[in-house]
Amino acid sequence: MFIHTKSVKLPSMSLDCAFVEGSGMTSTICFHFLFFSHEQMRLPLRSFCIFRSVIAQGQAVDVQRRGLSGAAMRLVQFRRRGEEASIRVGVEQGEGHSVVDLKAFDPLMPSTMRELLELGDKGLECAQRALASGKCVVDRADIQLLSPVTGPEKVVCVGMNYRDHCLEQNAPIPKEPIIFNKFPSAITGPYDDIILPSESQEVDWEVELAFVIGRRGKHIKEEDALSYVAGFTVANDVSARDWQMKRNGKQWLLGKTFDSFCPLGPALVTTDTVTDPHNLSIRCLVNGDTVQDSNTDQIIFKTAALVAWVSKFVTLIPGDVFLTGTPPGVGAFRKPPIFLKKGDVVECQIEQLGSIINKVV
């Protein structure tokens with residue numbers, strides 16, 4: 001990349017412009033007006049250096065926001081009907097549309113999302129090529145969609161992370177993230193059943209924005225944190241409130257981590273596909289009735305802050321899943337409280353990401 005300036009003479013002014021060239025693009029930024037009738041004036045060197053710094057900062061912000069490769073895709077994990085033992089990674093041709101099978105496109109490609117993310121930009125660039133090719137397309141009716149990530153090393157969860165959810169409980173706004181976890185065995189697919197455990201009588205819903213780590217990092221700076229995020233997805237942080245709030249010393253883990261208590265999906269939507277993850281409508285419906293309806297702009301500790309905070313304590317690796325908290329409307333705080341029962345259908349929706357629908361059995 002290089003930058004040069006040029007003075008443009010107009011009848012009543014001269015206009016100094018910076019031309020930024022590189023990476024296959026040229027941008028023109030006009031930054032100084034000089035109102036003189038018959039003469040030109042160059043910007044002082046100091047002014048140019050300051051502006052060049054601004055340009056560089058803008059490029060750094062853009063790189064940071066783009067995440068891994070700047071790829072706009074909806075990545076999925078799936079099984080072909082009749083091949084239930086084999087997990088595949090694919091790219092949706094559009095939300096709810098057919099899927100390009102990456103392994104069929106390139107036999108050297110991995111079979112799981114976690115392995116794909118471990119390849120970094122190389123893996124995502126291959127996925128882009130596969131999508132652009134229009135080849136190796138599998139009809140939606142011929143696949144079973146799985147959670148976009150299975151077998152992550154970590155499932156990191158954040159409590160009390162929506163302002164309106166704190167107000168719902170008359171609870172103070174946390175001054176630092178409240179972190180707990182689920183075991184990876186709680187993860188289930190976007191359309192799989194939620195299994196009511198016999199040990200709990202108070203199972204609740206929690207729609208949540210989730211994100212997935214795309215590259216390894218420790219002590220990550222907040223200004224760099226989004227470059228470690230592969231993408232976003234929808235989660236339901238299913239919770240056994242009796243175990244969370246009344247039993248086991250009121251520690252949250254057991255109430256959060258029963259099998260099937262973490263539906264995820266339908267896709268891992270890469271960062272460049274999402275206009276602003278912290279300005280998305282977020283809803284939960286139970287049997288068609290809206291029970292949660294908010295916006296992710298209510299999140300207290302946003303994606304970059306969470307990545308930076310958690311990476312102080314543990315090394316983050318590709319495939320790690322973060323659940324970022326839930327808005328108001330959960331069953332436990334209704335009057336009287338309402339809990340899930342067999343036959344209920346829970347749908348969690350997030351704008352631009354899609355929806356997951358799980359029957360309670």
# chains A, B, ... in the order shown; residues from 1 in each chain; ligands from 1
call {"tool": "residues_around", "arguments": {"residues": "stretch 319-334 of chain A", "least_positions_apart": "2", "cutoff": "6 Å", "atoms": "only C-alpha atoms", "output": "ChimeraX atom specification"}}
result
/A:114,152-159,161-162,165,204,206-213,291-292,317,336-339
call {"tool": "residues_around", "arguments": {"residues": "A:Leu340", "least_positions_apart": "6", "cutoff": "10 Å", "atoms": "only C-alpha atoms", "output": "PyMOL selection string"}}
result
chain A and resi 194+196+201-205+238+240+286+331+346+360-361
call {"tool": "write_last_selection", "arguments": {"atoms": "N, CA and C atoms", "output": "PDB file, in the first residue's frame"}}
result
ATOM      1  N   ILE A 194     -35.192 -31.463  23.375  1.00  0.00           N
ATOM      2  CA  ILE A 194     -34.714 -31.155  24.720  1.00  0.00           C
ATOM      3  C   ILE A 194     -35.283 -32.214  25.651  1.00  0.00           C
ATOM      4  N   LEU A 196     -36.265 -33.632  29.142  1.00  0.00           N
ATOM      5  CA  LEU A 196     -36.531 -33.248  30.527  1.00  0.00           C
ATOM      6  C   LEU A 196     -35.928 -34.280  31.474  1.00  0.00           C
ATOM      7  N   GLN A 201     -37.771 -30.419  38.166  1.00  0.00           N
ATOM      8  CA  GLN A 201     -39.162 -30.071  37.880  1.00  0.00           C
ATOM      9  C   GLN A 201     -39.280 -28.614  37.413  1.00  0.00           C
ATOM     10  N   GLU A 202     -38.162 -27.947  37.209  1.00  0.00           N
ATOM     11  CA  GLU A 202     -38.200 -26.518  36.907  1.00  0.00           C
ATOM     12  C   GLU A 202     -37.243 -26.192  35.754  1.00  0.00           C
ATOM     13  N   VAL A 203     -37.509 -26.745  34.580  1.00  0.00           N
ATOM     14  CA  VAL A 203     -36.659 -26.532  33.414  1.00  0.00           C
ATOM     15  C   VAL A 203     -37.163 -25.313  32.641  1.00  0.00           C
ATOM     16  N   ASP A 204     -36.238 -24.409  32.323  1.00  0.00           N
ATOM     17  CA  ASP A 204     -36.566 -23.091  31.787  1.00  0.00           C
ATOM     18  C   ASP A 204     -35.844 -22.870  30.463  1.00  0.00           C
ATOM     19  N   TRP A 205     -36.274 -21.854  29.740  1.00  0.00           N
ATOM     20  CA  TRP A 205     -35.693 -21.470  28.450  1.00  0.00           C
ATOM     21  C   TRP A 205     -34.833 -20.217  28.598  1.00  0.00           C
ATOM     22  N   VAL A 238     -30.722 -23.810  28.106  1.00  0.00           N
ATOM     23  CA  VAL A 238     -31.760 -24.488  28.907  1.00  0.00           C
ATOM     24  C   VAL A 238     -31.244 -24.659  30.336  1.00  0.00           C
ATOM     25  N   ALA A 240     -32.128 -25.811  34.520  1.00  0.00           N
ATOM     26  CA  ALA A 240     -32.932 -26.402  35.595  1.00  0.00           C
ATOM     27  C   ALA A 240     -32.841 -25.478  36.797  1.00  0.00           C
ATOM     28  N   VAL A 286     -42.563 -20.023  23.007  1.00  0.00           N
ATOM     29  CA  VAL A 286     -42.926 -21.325  23.545  1.00  0.00           C
ATOM     30  C   VAL A 286     -44.331 -21.644  23.062  1.00  0.00           C
ATOM     31  N   GLY A 331     -38.984 -18.149  32.285  1.00  0.00           N
ATOM     32  CA  GLY A 331     -40.117 -18.653  33.056  1.00  0.00           C
ATOM     33  C   GLY A 331     -40.002 -18.459  34.548  1.00  0.00           C
ATOM     34  N   VAL A 346     -40.038 -25.099  21.769  1.00  0.00           N
ATOM     35  CA  VAL A 346     -39.324 -23.849  22.041  1.00  0.00           C
ATOM     36  C   VAL A 346     -38.616 -23.406  20.767  1.00  0.00           C
ATOM     37  N   VAL A 360     -39.761 -30.465  23.508  1.00  0.00           N
ATOM     38  CA  VAL A 360     -39.438 -30.958  24.840  1.00  0.00           C
ATOM     39  C   VAL A 360     -40.033 -32.346  24.996  1.00  0.00           C
ATOM     40  N   VAL A 361     -39.186 -33.309  25.377  1.00  0.00           N
ATOM     41  CA  VAL A 361     -39.657 -34.697  25.501  1.00  0.00           C
ATOM     42  C   VAL A 361     -39.253 -35.258  26.866  1.00  0.00           C
TER      43      VAL A 361
END
call {"tool": "residues_around", "arguments": {"residues": "A:Ser355", "least_positions_apart": "5", "cutoff": "9 Å", "atoms": "only C-alpha atoms", "output": "ChimeraX atom specification"}}
result
/A:190,234,265-266,347-350
call {"tool": "residues_around", "arguments": {"residues": "A:His97", "least_positions_apart": "4", "cutoff": "12 Å", "atoms": "only C-alpha atoms", "output": "PyMOL selection string"}}
result
chain A and resi 74-76+90-93+137-143+145+266-267
call {"tool": "write_last_selection", "arguments": {"atoms": "N, CA and C atoms", "output": "PDB file, in the first residue's frame"}}
result
ATOM      1  N   ARG A  74     -22.396 -18.947   5.678  1.00  0.00           N
ATOM      2  CA  ARG A  74     -23.161 -19.640   6.705  1.00  0.00           C
ATOM      3  C   ARG A  74     -22.675 -21.096   6.717  1.00  0.00           C
ATOM      4  N   LEU A  75     -21.831 -21.434   7.668  1.00  0.00           N
ATOM      5  CA  LEU A  75     -21.220 -22.755   7.751  1.00  0.00           C
ATOM      6  C   LEU A  75     -22.076 -23.670   8.613  1.00  0.00           C
ATOM      7  N   VAL A  76     -22.191 -24.925   8.205  1.00  0.00           N
ATOM      8  CA  VAL A  76     -23.024 -25.888   8.943  1.00  0.00           C
ATOM      9  C   VAL A  76     -22.294 -27.214   9.104  1.00  0.00           C
ATOM     10  N   GLY A  90     -20.409 -28.100   5.717  1.00  0.00           N
ATOM     11  CA  GLY A  90     -20.915 -27.525   4.483  1.00  0.00           C
ATOM     12  C   GLY A  90     -21.119 -26.026   4.584  1.00  0.00           C
ATOM     13  N   VAL A  91     -21.500 -25.433   3.447  1.00  0.00           N
ATOM     14  CA  VAL A  91     -21.826 -24.007   3.382  1.00  0.00           C
ATOM     15  C   VAL A  91     -23.222 -23.880   2.794  1.00  0.00           C
ATOM     16  N   GLU A  92     -24.091 -23.180   3.518  1.00  0.00           N
ATOM     17  CA  GLU A  92     -25.426 -22.946   2.988  1.00  0.00           C
ATOM     18  C   GLU A  92     -25.374 -21.991   1.796  1.00  0.00           C
ATOM     19  N   GLN A  93     -26.190 -22.273   0.778  1.00  0.00           N
ATOM     20  CA  GLN A  93     -26.295 -21.352  -0.356  1.00  0.00           C
ATOM     21  C   GLN A  93     -27.169 -20.152  -0.026  1.00  0.00           C
ATOM     22  N   VAL A 137     -23.575 -29.850  -4.397  1.00  0.00           N
ATOM     23  CA  VAL A 137     -24.703 -29.318  -3.643  1.00  0.00           C
ATOM     24  C   VAL A 137     -25.597 -30.462  -3.176  1.00  0.00           C
ATOM     25  N   VAL A 138     -25.955 -30.424  -1.896  1.00  0.00           N
ATOM     26  CA  VAL A 138     -26.839 -31.429  -1.304  1.00  0.00           C
ATOM     27  C   VAL A 138     -28.157 -30.758  -0.962  1.00  0.00           C
ATOM     28  N   ASP A 139     -29.242 -31.352  -1.377  1.00  0.00           N
ATOM     29  CA  ASP A 139     -30.564 -30.796  -1.096  1.00  0.00           C
ATOM     30  C   ASP A 139     -30.846 -30.826   0.401  1.00  0.00           C
ATOM     31  N   ARG A 140     -31.520 -29.802   0.873  1.00  0.00           N
ATOM     32  CA  ARG A 140     -31.804 -29.696   2.306  1.00  0.00           C
ATOM     33  C   ARG A 140     -32.589 -30.909   2.824  1.00  0.00           C
ATOM     34  N   ALA A 141     -33.457 -31.435   2.014  1.00  0.00           N
ATOM     35  CA  ALA A 141     -34.278 -32.573   2.437  1.00  0.00           C
ATOM     36  C   ALA A 141     -33.463 -33.840   2.622  1.00  0.00           C
ATOM     37  N   ASP A 142     -32.246 -33.865   2.104  1.00  0.00           N
ATOM     38  CA  ASP A 142     -31.415 -35.066   2.161  1.00  0.00           C
ATOM     39  C   ASP A 142     -30.391 -35.039   3.294  1.00  0.00           C
ATOM     40  N   ILE A 143     -30.486 -34.039   4.174  1.00  0.00           N
ATOM     41  CA  ILE A 143     -29.513 -33.950   5.256  1.00  0.00           C
ATOM     42  C   ILE A 143     -30.201 -33.753   6.603  1.00  0.00           C
ATOM     43  N   LEU A 145     -29.406 -31.557   9.874  1.00  0.00           N
ATOM     44  CA  LEU A 145     -28.537 -30.485  10.344  1.00  0.00           C
ATOM     45  C   LEU A 145     -28.164 -30.737  11.801  1.00  0.00           C
ATOM     46  N   PRO A 266     -28.893 -22.433  13.589  1.00  0.00           N
ATOM     47  CA  PRO A 266     -28.714 -23.558  12.669  1.00  0.00           C
ATOM     48  C   PRO A 266     -27.372 -23.557  11.952  1.00  0.00           C
ATOM     49  N   ALA A 267     -26.695 -22.376  11.939  1.00  0.00           N
ATOM     50  CA  ALA A 267     -25.429 -22.250  11.198  1.00  0.00           C
ATOM     51  C   ALA A 267     -24.458 -21.397  11.996  1.00  0.00           C
TER      52      ALA A 267
END
call {"tool": "atom_distance", "arguments": {"atom1": "atom CA of A:Ser294", "atom2": "atom CA of A:Gly94"}}
result
25.2 Å
call {"tool": "atom_distance", "arguments": {"atom1": "atom CA of A:Lys341", "atom2": "atom CA of A:Leu264"}}
result
20.3 Å
call {"tool": "select_by_dssp", "arguments": {"residues": "stretch 133-348 of chain A", "states": "alpha helix (DSSP H)", "output": "list in words"}}
result
Ser133, Arg163, Asp164, His165, Cys166, Leu167, Glu168, Arg241, Asp242, Trp243, Gln244, Met245, Leu253, Leu254, Gly255, Lys256, Thr303, Ala304, Ala305, Leu306, Val307, Ala308, Trp309 and Val310 of chain A
call {"tool": "residues_around", "arguments": {"residues": "A:Gly217", "least_positions_apart": "2", "cutoff": "12 Å", "atoms": "only C-alpha atoms", "output": "list in words"}}
result
Ile213, Gly214, Arg215, His219, Ile220, Lys221, Glu222, Asp224, Ala225, Leu226, Ser227, Tyr228, Val229, Val307, Ala308, Trp309, Val310, Ser311, Lys312, Phe313, Val314, Thr315, Leu316, Ile317, Pro318 and Asp320 of chain A
